[in-house]
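S.K.: Got a structure for you, start.cif, holding mmCIF, C-alpha atoms.
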data_work
loop_
_atom_site.group_PDB
_atom_site.id
_atom_site.type_symbol
_atom_site.label_atom_id
_atom_site.label_comp_id
_atom_site.auth_asym_id
_atom_site.auth_seq_id
_atom_site.Cartn_x
_atom_site.Cartn_y
_atom_site.Cartn_z
ATOM 1 C CA GLY O 782 26.946 -14.442 -0.543
ATOM 2 C CA GLU O 783 28.449 -15.171 -3.948
ATOM 3 C CA ASN O 784 27.692 -18.895 -3.781
ATOM 4 C CA SER O 785 24.033 -18.729 -2.838
ATOM 5 C CA PRO O 786 21.733 -20.202 -5.485
ATOM 6 C CA PRO O 787 20.273 -17.628 -7.896
ATOM 7 C CA ARG O 788 16.871 -16.623 -6.641
ATOM 8 C CA ARG O 789 14.202 -14.789 -8.570
ATOM 9 C CA THR O 790 15.315 -11.176 -8.391
ATOM 10 C CA THR O 791 12.422 -9.343 -6.776
ATOM 11 C CA ALA O 792 9.859 -9.687 -9.481
ATOM 12 C CA LEU O 793 6.734 -8.078 -8.176
ATOM 13 C CA ASN O 794 3.439 -7.875 -9.940
ATOM 14 C CA GLY O 795 -0.177 -7.174 -9.245
ATOM 15 C CA ARG O 796 -3.195 -5.036 -9.958
ATOM 16 C CA LEU O 797 -3.440 -1.276 -9.648
ATOM 17 C CA GLU O 798 -6.856 -1.751 -8.035
ATOM 18 C CA GLN O 799 -5.034 -3.279 -5.066
ATOM 19 C CA LEU O 800 -1.881 -1.216 -5.111
ATOM 20 C CA GLN O 801 -1.810 2.236 -6.682
ATOM 21 C CA LEU O 802 1.305 3.608 -8.305
ATOM 22 C CA SER O 803 1.798 6.164 -5.525
ATOM 23 C CA SER O 804 2.113 3.371 -2.933
ATOM 24 C CA LEU O 805 4.392 1.395 -5.221
ATOM 25 C CA LEU O 806 6.744 4.336 -5.666
ATOM 26 C CA VAL O 807 6.928 4.939 -1.925
ATOM 27 C CA MET O 808 7.732 1.260 -1.407
ATOM 28 C CA MET O 809 10.414 1.324 -4.118
ATOM 29 C CA GLU O 810 11.968 4.385 -2.530
ATOM 30 C CA MET O 811 12.031 2.832 0.940
ATOM 31 C CA GLU O 812 13.678 -0.289 -0.422
ATOM 32 C CA ARG O 813 16.000 1.709 -2.682
ATOM 33 C CA LYS O 814 15.136 -0.464 -5.667
ATOM 34 C CA ASP O 815 16.860 -0.469 -9.044
ATOM 35 C CA GLY O 816 14.815 -1.664 -11.961
ATOM 36 C CA LEU O 817 11.900 -1.271 -14.295
ATOM 37 C CA LEU O 818 8.306 -0.797 -13.222
ATOM 38 C CA SER O 819 5.859 -1.507 -16.056
ATOM 39 C CA LEU O 820 2.201 -0.503 -15.880
ATOM 40 C CA LYS O 821 -0.786 -1.094 -18.098
ATOM 41 C CA ASP O 822 -3.941 0.981 -17.893
ATOM 42 C CA SER O 823 -6.955 -1.266 -18.376
ATOM 43 C CA ARG O 824 -9.118 1.587 -19.642
ATOM 44 C CA SER O 825 -6.926 2.954 -22.435
ATOM 45 C CA GLY O 826 -4.624 -0.020 -22.916
ATOM 46 C CA ASN O 827 -1.756 2.433 -22.622
ATOM 47 C CA VAL O 828 1.511 0.997 -21.294
ATOM 48 C CA GLY O 829 3.988 2.938 -19.211
ATOM 49 C CA ARG O 830 7.486 2.244 -17.982
ATOM 50 C CA ILE O 831 9.200 3.795 -14.997
ATOM 51 C CA PHE O 832 12.929 3.326 -14.478
ATOM 52 C CA LEU O 833 14.225 3.449 -10.921
ATOM 53 C CA ARG O 834 17.693 3.769 -9.473
ATOM 54 C CA GLY O 835 18.283 3.731 -5.740
ATOM 55 C CA GLY O 836 14.535 3.946 -5.296
ATOM 56 C CA GLN O 837 14.233 7.195 -7.249
ATOM 57 C CA VAL O 838 12.416 7.596 -10.552
ATOM 58 C CA ILE O 839 15.006 8.524 -13.173
ATOM 59 C CA ALA O 840 13.027 8.061 -16.401
ATOM 60 C CA ALA O 841 9.459 7.430 -17.509
ATOM 61 C CA LYS O 842 7.882 6.611 -20.857
ATOM 62 C CA LEU O 843 4.426 5.890 -22.222
ATOM 63 C CA THR O 844 3.576 3.974 -25.394
ATOM 64 C CA ASP O 845 1.343 6.803 -26.591
ATOM 65 C CA ASN O 846 3.085 9.893 -27.881
ATOM 66 C CA THR O 847 3.510 11.690 -24.582
ATOM 67 C CA GLU O 848 6.992 13.178 -24.302
ATOM 68 C CA PRO O 849 9.088 10.945 -21.974
ATOM 69 C CA GLY O 850 9.505 12.427 -18.513
ATOM 70 C CA ARG O 851 7.536 13.561 -15.513
ATOM 71 C CA GLU O 852 4.279 14.022 -17.426
ATOM 72 C CA CYS O 853 4.271 10.284 -18.008
ATOM 73 C CA VAL O 854 4.511 9.662 -14.271
ATOM 74 C CA TYR O 855 1.666 12.111 -13.601
ATOM 75 C CA GLU O 856 -0.502 10.361 -16.156
ATOM 76 C CA MET O 857 0.241 6.919 -14.700
ATOM 77 C CA LEU O 858 -0.609 8.186 -11.220
ATOM 78 C CA CYS O 859 -4.166 8.693 -12.514
ATOM 79 C CA TRP O 860 -4.611 5.086 -13.561
ATOM 80 C CA LYS O 861 -7.127 3.428 -11.261
ATOM 81 C CA ALA O 862 -7.271 -0.020 -12.829
ATOM 82 C CA GLY O 863 -4.726 -2.128 -14.606
ATOM 83 C CA THR O 864 -1.658 -4.181 -13.920
ATOM 84 C CA PHE O 865 1.907 -3.540 -12.870
ATOM 85 C CA SER O 866 5.095 -5.528 -12.753
ATOM 86 C CA PHE O 867 8.514 -4.709 -11.401
ATOM 87 C CA ASN O 868 11.755 -6.319 -12.492
ATOM 88 C CA ALA O 869 14.916 -5.634 -10.565
ATOM 89 C CA MET O 870 17.804 -4.822 -12.877
ATOM 90 C CA GLU O 871 20.686 -2.446 -13.208
ATOM 91 C CA VAL O 872 19.468 0.775 -14.742
ATOM 92 C CA ASP O 873 22.230 2.551 -16.592
ATOM 93 C CA MET O 874 20.600 5.635 -18.004
ATOM 94 C CA GLU O 875 20.552 9.350 -17.477
ATOM 95 C CA ASP O 876 18.246 10.785 -14.829
ATOM 96 C CA THR O 877 15.827 12.829 -16.907
ATOM 97 C CA ILE O 878 13.277 13.267 -14.111
ATOM 98 C CA LYS O 879 15.469 15.060 -11.562
ATOM 99 C CA SER O 880 12.755 15.059 -8.955
ATOM 100 C CA SER O 881 12.260 13.223 -5.676
ATOM 101 C CA THR O 882 9.494 10.662 -5.270
ATOM 102 C CA THR O 883 7.813 12.899 -2.710
ATOM 103 C CA HIS O 884 7.795 15.821 -5.107
ATOM 104 C CA LEU O 885 6.470 13.705 -7.991
ATOM 105 C CA LEU O 886 3.649 12.377 -5.813
ATOM 106 C CA MET O 887 2.717 15.803 -4.475
ATOM 107 C CA GLU O 888 2.703 17.320 -7.931
ATOM 108 C CA GLY O 889 0.784 14.339 -9.311
ATOM 109 C CA ALA O 890 -1.827 14.635 -6.544
ATOM 110 C CA ARG O 891 -2.208 18.346 -7.230
ATOM 111 C CA LEU O 892 -2.768 17.728 -10.935
ATOM 112 C CA ILE O 893 -5.273 14.934 -10.259
ATOM 113 C CA ASP O 894 -7.075 17.240 -7.857
ATOM 114 C CA GLU O 895 -7.266 19.986 -10.484
ATOM 115 C CA ALA O 896 -8.448 17.526 -13.136
ATOM 116 C CA ASN O 897 -11.190 16.282 -10.790
ATOM 117 C CA ARG O 898 -12.339 19.823 -10.096
ATOM 118 C CA ASP O 899 -12.539 20.521 -13.826
ATOM 119 C CA GLU O 900 -14.883 17.605 -14.363
ATOM 120 C CA PHE O 901 -17.659 18.942 -12.152
#
Render the structure in this file as C-alpha coordinates.
M.R.:
Amino acid sequence: GENSPPRRTTALNGRLEQLQLSSLLVMMEMERKDGLLSLKDSRSGNVGRIFLRGGQVIAAKLTDNTEPGRECVYEMLCWKAGTFSFNAMEVDMEDTIKSSTTHLLMEGARLIDEANRDEF
(Lines of atoms letter the chains of each structure in order from A and count residues from 1; the text may use other names and numbers.)
(Lines give C-alpha, C1' and ligand atoms only; values in the text may rest on other atoms or scores of the structure.)
Protein backbone atom coordinates (compact mmCIF):
# COMPACT_ATOMS: atom_id res chain seq x y z
CA GLY A 1 0.00 0.00 0.00
CA GLU A 2 0.87 3.69 0.00
CA ASN A 3 2.27 3.64 3.54
CA SER A 4 4.62 0.69 3.21
CA PRO A 5 8.27 1.63 3.70
CA PRO A 6 10.16 2.30 0.45
CA ARG A 7 11.93 -0.86 -0.57
CA ARG A 8 14.69 -1.18 -3.12
CA THR A 9 12.84 -1.17 -6.42
CA THR A 10 13.81 -4.42 -8.10
CA ALA A 11 17.43 -3.76 -8.74
CA LEU A 12 18.81 -6.88 -10.30
CA ASN A 13 22.37 -7.47 -11.31
CA GLY A 14 24.69 -10.27 -12.20
CA ARG A 15 26.98 -11.80 -14.77
CA LEU A 16 26.11 -12.73 -18.33
CA GLU A 17 28.04 -15.97 -17.84
CA GLN A 18 25.31 -17.02 -15.42
CA LEU A 19 22.33 -15.40 -17.06
CA GLN A 20 22.32 -14.60 -20.77
CA LEU A 21 20.41 -11.66 -22.16
CA SER A 22 17.86 -13.92 -23.85
CA SER A 23 16.84 -15.39 -20.47
CA LEU A 24 16.77 -11.95 -18.90
CA LEU A 25 14.44 -10.61 -21.58
CA VAL A 26 12.07 -13.55 -21.19
CA MET A 27 12.02 -12.96 -17.43
CA MET A 28 11.38 -9.23 -17.89
CA GLU A 29 8.53 -10.00 -20.25
CA MET A 30 6.92 -12.48 -17.87
CA GLU A 31 7.11 -9.99 -15.03
CA ARG A 32 6.04 -7.10 -17.27
CA LYS A 33 8.91 -4.94 -16.04
CA ASP A 34 9.41 -1.24 -16.71
CA GLY A 35 12.95 0.02 -16.53
CA LEU A 36 16.47 0.07 -17.82
CA LEU A 37 18.62 -2.98 -18.40
CA SER A 38 22.32 -2.09 -18.71
CA LEU A 39 24.89 -4.55 -20.04
CA LYS A 40 28.64 -4.49 -20.37
CA ASP A 41 30.55 -6.82 -22.66
CA SER A 42 33.75 -7.91 -20.96
CA ARG A 43 35.50 -8.60 -24.26
CA SER A 44 34.97 -5.28 -26.04
CA GLY A 45 34.12 -3.11 -23.05
CA ASN A 46 31.09 -1.98 -25.02
CA VAL A 47 28.09 -0.89 -22.94
CA GLY A 48 24.50 -1.33 -24.00
CA ARG A 49 21.19 -0.13 -22.63
CA ILE A 50 17.80 -1.69 -23.17
CA PHE A 51 14.65 0.18 -22.17
CA LEU A 52 11.62 -1.88 -21.24
CA ARG A 53 7.97 -1.01 -20.79
CA GLY A 54 5.44 -3.61 -19.74
CA GLY A 55 8.13 -6.22 -20.25
CA GLN A 56 8.67 -5.31 -23.90
CA VAL A 57 11.86 -3.83 -25.33
CA ILE A 58 11.03 -0.35 -26.60
CA ALA A 59 14.51 1.09 -27.20
CA ALA A 60 18.12 -0.06 -27.27
CA LYS A 61 21.43 1.76 -27.51
CA LEU A 62 25.11 0.89 -27.55
CA THR A 63 28.01 3.17 -26.61
CA ASP A 64 29.78 2.39 -29.88
CA ASN A 65 28.37 4.01 -32.98
CA THR A 66 25.77 1.39 -33.82
CA GLU A 67 22.48 3.03 -34.80
CA PRO A 68 20.06 2.75 -31.83
CA GLY A 69 17.45 0.05 -32.32
CA ARG A 70 17.08 -3.65 -32.86
CA GLU A 71 20.62 -4.14 -34.16
CA CYS A 72 21.85 -3.16 -30.71
CA VAL A 73 19.73 -5.88 -29.14
CA TYR A 74 21.03 -8.45 -31.64
CA GLU A 75 24.60 -7.47 -30.85
CA MET A 76 24.02 -7.70 -27.09
CA LEU A 77 22.46 -11.13 -27.51
CA CYS A 78 25.89 -12.30 -28.72
CA TRP A 79 27.69 -11.22 -25.57
CA LYS A 80 28.81 -14.31 -23.67
CA ALA A 81 30.62 -12.66 -20.77
CA GLY A 82 30.09 -9.45 -18.92
CA THR A 83 27.76 -7.87 -16.43
CA PHE A 84 24.18 -6.68 -16.39
CA SER A 85 22.05 -4.59 -14.09
CA PHE A 86 18.38 -3.74 -14.16
CA ASN A 87 16.79 -0.73 -12.53
CA ALA A 88 13.04 -0.47 -12.35
CA MET A 89 11.83 2.97 -13.40
CA GLU A 90 9.15 4.61 -15.44
CA VAL A 91 10.20 4.64 -19.06
CA ASP A 92 8.61 7.50 -20.93
CA MET A 93 9.95 7.21 -24.44
CA GLU A 94 8.81 6.24 -27.88
CA ASP A 95 8.83 2.57 -28.84
CA THR A 96 11.42 2.49 -31.60
CA ILE A 97 11.80 -1.31 -31.59
CA LYS A 98 8.20 -2.27 -32.42
CA SER A 99 8.92 -5.95 -32.06
CA SER A 100 7.93 -8.58 -29.51
CA THR A 101 10.52 -10.18 -27.25
CA THR A 102 9.90 -13.53 -28.94
CA HIS A 103 10.55 -12.05 -32.36
CA LEU A 104 13.71 -10.26 -31.20
CA LEU A 105 15.06 -13.47 -29.69
CA MET A 106 14.24 -15.57 -32.74
CA GLU A 107 15.81 -13.06 -35.08
CA GLY A 108 18.82 -12.69 -32.78
CA ALA A 109 19.29 -16.47 -32.65
CA ARG A 110 19.09 -16.68 -36.43
CA LEU A 111 21.74 -13.99 -36.84
CA ILE A 112 24.03 -15.62 -34.26
CA ASP A 113 23.58 -18.92 -36.07
CA GLU A 114 24.53 -17.34 -39.40
CA ALA A 115 27.53 -15.60 -37.84
CA ASN A 116 28.71 -18.91 -36.35
CA ARG A 117 28.39 -20.64 -39.70
CA ASP A 118 30.46 -17.91 -41.35
CA GLU A 119 33.32 -18.47 -38.94
CA PHE A 120 33.98 -22.06 -39.97
S.K.: Could you write out as a ChimeraX atom specification the residues that the PyMOL selection byres ((chain O and resi 877-892) around 9) matches in the shown file?
M.R.: /O:803,806-807,810,836-841,849-852,854-856,858-859,874-876,893-897
S.K.: Between atom CA of Ala792 of chain O and atom CA of Glu812 of chain O, what is the spacing in Å?
M.R.: 13.6 Å
S.K.: Quick one: what's the axis-aligned box for segment 847-856 of chain O, all listed atoms, 6 Å on every side, centre and edges in Å to one decimal, as lines of an AutoDock Vina configuration file?
M.R.:
center_x = 4.5
center_y = 11.8
center_z = -19.1
size_x = 22.0
size_y = 16.4
size_z = 23.0
S.K.: What gap, in Å, lies between atom CA of Arg830 of chain O and atom CA of Asp899 of chain O?
M.R.: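 Between atom CA of Arg830 of chain O and atom CA of Asp899 of chain O the gap is 27.4 Å.
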S.K.: So which one's closest to Ile831 of chain O, O:Lys861, O:Lys814, O:Arg796, O:Arg898? Using only C-alpha atoms, please.
M.R.: O:Lys814
S.K.: For Ser819 of chain O, which residue among O:Leu797, O:Glu871, O:Gly835, O:Ser804 is the nearest when counting only C-alpha atoms?
M.R.: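 With only C-alpha atoms as the atom set, the closest residue is O:Leu797.
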S.K.: Please compute the atom CA of Asp822 of chain O-atom CA of Phe867 of chain O distance, one decimal, in Å.
M.R.: 15.2 Å
S.K.: Here is a test: counting all atoms listed in the file, which residue of O:Val872, O:Leu802, O:Leu793, O:Met809 is nearest to Met857 of chain O?
M.R.: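 Of all the options, O:Leu802 lies closest to Met857 of chain O.
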S.K.: With a distance cut-off of 12 Å and all atoms listed in the file, select the neighbouring residues of Gln799 of chain O, excluding the residue or stretch itself and same-chain residues fewer than 4 positions from it, and output the selection as JSON, numbers by chain.
M.R.: {"O": [794, 795, 803, 804, 805, 860, 861, 862, 863, 864, 865]}
S.K.: Considering only C-alpha atoms, can you say which of O:Glu798, O:Glu848, O:Cys853, O:Lys842 comes closest to Ser823 of chain O?
M.R.: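 Of O:Glu798, O:Glu848, O:Cys853, O:Lys842, the one nearest Ser823 of chain O is O:Glu798, counting only C-alpha atoms.
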S.K.: Put segment 795-809 of chain O into a file with all heavy atoms, as a PDB file, in the first residue's frame.
M.R.:
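As a result, result_0.pdb now contains:
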ATOM      1  N   GLY O 795      23.986  -9.012 -12.167  1.00  0.00           N
ATOM      2  CA  GLY O 795      24.693 -10.270 -12.204  1.00  0.00           C
ATOM      3  C   GLY O 795      25.625 -10.352 -13.386  1.00  0.00           C
ATOM      4  O   GLY O 795      25.952  -9.336 -14.000  1.00  0.00           O
ATOM      5  N   ARG O 796      26.028 -11.580 -13.690  1.00  0.00           N
ATOM      6  CA  ARG O 796      26.981 -11.803 -14.773  1.00  0.00           C
ATOM      7  C   ARG O 796      26.316 -12.530 -15.932  1.00  0.00           C
ATOM      8  O   ARG O 796      25.511 -13.436 -15.730  1.00  0.00           O
ATOM      9  CB  ARG O 796      28.166 -12.619 -14.260  1.00  0.00           C
ATOM     10  CG  ARG O 796      28.861 -11.994 -13.050  1.00  0.00           C
ATOM     11  CD  ARG O 796      30.212 -12.619 -12.798  1.00  0.00           C
ATOM     12  NE  ARG O 796      31.127 -12.420 -13.938  1.00  0.00           N
ATOM     13  CZ  ARG O 796      31.784 -11.293 -14.167  1.00  0.00           C
ATOM     14  NH1 ARG O 796      31.647 -10.259 -13.361  1.00  0.00           N
ATOM     15  NH2 ARG O 796      32.588 -11.195 -15.210  1.00  0.00           N
ATOM     16  N   LEU O 797      26.674 -12.099 -17.141  1.00  0.00           N
ATOM     17  CA  LEU O 797      26.105 -12.726 -18.334  1.00  0.00           C
ATOM     18  C   LEU O 797      26.510 -14.190 -18.455  1.00  0.00           C
ATOM     19  O   LEU O 797      25.816 -14.972 -19.093  1.00  0.00           O
ATOM     20  CB  LEU O 797      26.543 -11.955 -19.592  1.00  0.00           C
ATOM     21  CG  LEU O 797      25.941 -10.552 -19.724  1.00  0.00           C
ATOM     22  CD1 LEU O 797      26.616  -9.789 -20.847  1.00  0.00           C
ATOM     23  CD2 LEU O 797      24.442 -10.635 -19.946  1.00  0.00           C
ATOM     24  N   GLU O 798      27.638 -14.562 -17.830  1.00  0.00           N
ATOM     25  CA  GLU O 798      28.042 -15.966 -17.845  1.00  0.00           C
ATOM     26  C   GLU O 798      26.989 -16.834 -17.159  1.00  0.00           C
ATOM     27  O   GLU O 798      26.798 -17.985 -17.521  1.00  0.00           O
ATOM     28  CB  GLU O 798      29.386 -16.172 -17.121  1.00  0.00           C
ATOM     29  CG  GLU O 798      30.579 -15.538 -17.822  1.00  0.00           C
ATOM     30  CD  GLU O 798      30.839 -14.103 -17.378  1.00  0.00           C
ATOM     31  OE1 GLU O 798      29.862 -13.347 -17.138  1.00  0.00           O
ATOM     32  OE2 GLU O 798      32.016 -13.727 -17.266  1.00  0.00           O
ATOM     33  N   GLN O 799      26.329 -16.265 -16.151  1.00  0.00           N
ATOM     34  CA  GLN O 799      25.307 -17.017 -15.419  1.00  0.00           C
ATOM     35  C   GLN O 799      23.918 -16.866 -16.039  1.00  0.00           C
ATOM     36  O   GLN O 799      23.118 -17.782 -15.982  1.00  0.00           O
ATOM     37  CB  GLN O 799      25.222 -16.534 -13.957  1.00  0.00           C
ATOM     38  CG  GLN O 799      26.123 -17.297 -13.013  1.00  0.00           C
ATOM     39  CD  GLN O 799      27.444 -16.579 -12.778  1.00  0.00           C
ATOM     40  OE1 GLN O 799      27.442 -15.377 -12.538  1.00  0.00           O
ATOM     41  NE2 GLN O 799      28.552 -17.289 -12.890  1.00  0.00           N
ATOM     42  N   LEU O 800      23.669 -15.684 -16.552  1.00  0.00           N
ATOM     43  CA  LEU O 800      22.328 -15.397 -17.062  1.00  0.00           C
ATOM     44  C   LEU O 800      22.479 -14.608 -18.348  1.00  0.00           C
ATOM     45  O   LEU O 800      22.889 -13.456 -18.333  1.00  0.00           O
ATOM     46  CB  LEU O 800      21.570 -14.591 -16.009  1.00  0.00           C
ATOM     47  CG  LEU O 800      20.062 -14.461 -16.136  1.00  0.00           C
ATOM     48  CD1 LEU O 800      19.387 -15.827 -16.264  1.00  0.00           C
ATOM     49  CD2 LEU O 800      19.494 -13.741 -14.924  1.00  0.00           C
ATOM     50  N   GLN O 801      22.187 -15.255 -19.473  1.00  0.00           N
ATOM     51  CA  GLN O 801      22.319 -14.600 -20.771  1.00  0.00           C
ATOM     52  C   GLN O 801      21.177 -13.609 -20.978  1.00  0.00           C
ATOM     53  O   GLN O 801      20.113 -13.730 -20.371  1.00  0.00           O
ATOM     54  CB  GLN O 801      22.287 -15.653 -21.881  1.00  0.00           C
ATOM     55  CG  GLN O 801      23.474 -16.607 -21.858  1.00  0.00           C
ATOM     56  CD  GLN O 801      24.688 -16.015 -22.577  1.00  0.00           C
ATOM     57  OE1 GLN O 801      24.697 -15.885 -23.787  1.00  0.00           O
ATOM     58  NE2 GLN O 801      25.713 -15.672 -21.810  1.00  0.00           N
ATOM     59  N   LEU O 802      21.410 -12.677 -21.876  1.00  0.00           N
ATOM     60  CA  LEU O 802      20.413 -11.656 -22.157  1.00  0.00           C
ATOM     61  C   LEU O 802      19.078 -12.260 -22.591  1.00  0.00           C
ATOM     62  O   LEU O 802      18.018 -11.782 -22.195  1.00  0.00           O
ATOM     63  CB  LEU O 802      20.931 -10.693 -23.239  1.00  0.00           C
ATOM     64  CG  LEU O 802      19.944  -9.620 -23.694  1.00  0.00           C
ATOM     65  CD1 LEU O 802      19.465  -8.769 -22.531  1.00  0.00           C
ATOM     66  CD2 LEU O 802      20.566  -8.742 -24.762  1.00  0.00           C
ATOM     67  N   SER O 803      19.120 -13.331 -23.377  1.00  0.00           N
ATOM     68  CA  SER O 803      17.864 -13.924 -23.850  1.00  0.00           C
ATOM     69  C   SER O 803      16.984 -14.353 -22.663  1.00  0.00           C
ATOM     70  O   SER O 803      15.786 -14.083 -22.642  1.00  0.00           O
ATOM     71  CB  SER O 803      18.135 -15.110 -24.772  1.00  0.00           C
ATOM     72  OG  SER O 803      19.051 -15.989 -24.177  1.00  0.00           O
ATOM     73  N   SER O 804      17.594 -14.976 -21.659  1.00  0.00           N
ATOM     74  CA  SER O 804      16.841 -15.393 -20.471  1.00  0.00           C
ATOM     75  C   SER O 804      16.328 -14.182 -19.692  1.00  0.00           C
ATOM     76  O   SER O 804      15.208 -14.192 -19.173  1.00  0.00           O
ATOM     77  CB  SER O 804      17.713 -16.232 -19.541  1.00  0.00           C
ATOM     78  OG  SER O 804      18.333 -17.262 -20.269  1.00  0.00           O
ATOM     79  N   LEU O 805      17.170 -13.166 -19.609  1.00  0.00           N
ATOM     80  CA  LEU O 805      16.770 -11.948 -18.904  1.00  0.00           C
ATOM     81  C   LEU O 805      15.541 -11.324 -19.549  1.00  0.00           C
ATOM     82  O   LEU O 805      14.607 -10.917 -18.865  1.00  0.00           O
ATOM     83  CB  LEU O 805      17.909 -10.922 -18.957  1.00  0.00           C
ATOM     84  CG  LEU O 805      18.993 -11.026 -17.897  1.00  0.00           C
ATOM     85  CD1 LEU O 805      20.178 -10.147 -18.290  1.00  0.00           C
ATOM     86  CD2 LEU O 805      18.459 -10.617 -16.546  1.00  0.00           C
ATOM     87  N   LEU O 806      15.551 -11.254 -20.880  1.00  0.00           N
ATOM     88  CA  LEU O 806      14.441 -10.613 -21.582  1.00  0.00           C
ATOM     89  C   LEU O 806      13.145 -11.395 -21.406  1.00  0.00           C
ATOM     90  O   LEU O 806      12.073 -10.809 -21.278  1.00  0.00           O
ATOM     91  CB  LEU O 806      14.774 -10.427 -23.068  1.00  0.00           C
ATOM     92  CG  LEU O 806      15.836  -9.367 -23.378  1.00  0.00           C
ATOM     93  CD1 LEU O 806      16.115  -9.305 -24.865  1.00  0.00           C
ATOM     94  CD2 LEU O 806      15.435  -7.997 -22.843  1.00  0.00           C
ATOM     95  N   VAL O 807      13.263 -12.724 -21.391  1.00  0.00           N
ATOM     96  CA  VAL O 807      12.071 -13.549 -21.187  1.00  0.00           C
ATOM     97  C   VAL O 807      11.512 -13.304 -19.783  1.00  0.00           C
ATOM     98  O   VAL O 807      10.307 -13.161 -19.585  1.00  0.00           O
ATOM     99  CB  VAL O 807      12.410 -15.048 -21.392  1.00  0.00           C
ATOM    100  CG1 VAL O 807      11.266 -15.929 -20.929  1.00  0.00           C
ATOM    101  CG2 VAL O 807      12.724 -15.309 -22.860  1.00  0.00           C
ATOM    102  N   MET O 808      12.415 -13.217 -18.812  1.00  0.00           N
ATOM    103  CA  MET O 808      12.023 -12.961 -17.432  1.00  0.00           C
ATOM    104  C   MET O 808      11.343 -11.602 -17.298  1.00  0.00           C
ATOM    105  O   MET O 808      10.300 -11.462 -16.657  1.00  0.00           O
ATOM    106  CB  MET O 808      13.287 -12.999 -16.568  1.00  0.00           C
ATOM    107  CG  MET O 808      13.070 -13.252 -15.125  1.00  0.00           C
ATOM    108  SD  MET O 808      14.666 -13.704 -14.372  1.00  0.00           S
ATOM    109  CE  MET O 808      15.412 -12.100 -14.173  1.00  0.00           C
ATOM    110  N   MET O 809      11.934 -10.587 -17.928  1.00  0.00           N
ATOM    111  CA  MET O 809      11.379  -9.230 -17.888  1.00  0.00           C
ATOM    112  C   MET O 809       9.972  -9.212 -18.495  1.00  0.00           C
ATOM    113  O   MET O 809       9.078  -8.536 -18.009  1.00  0.00           O
ATOM    114  CB  MET O 809      12.248  -8.256 -18.690  1.00  0.00           C
ATOM    115  CG  MET O 809      13.654  -8.119 -18.203  1.00  0.00           C
ATOM    116  SD  MET O 809      13.724  -7.159 -16.697  1.00  0.00           S
ATOM    117  CE  MET O 809      15.237  -7.771 -15.988  1.00  0.00           C
TER     118      MET O 809
END
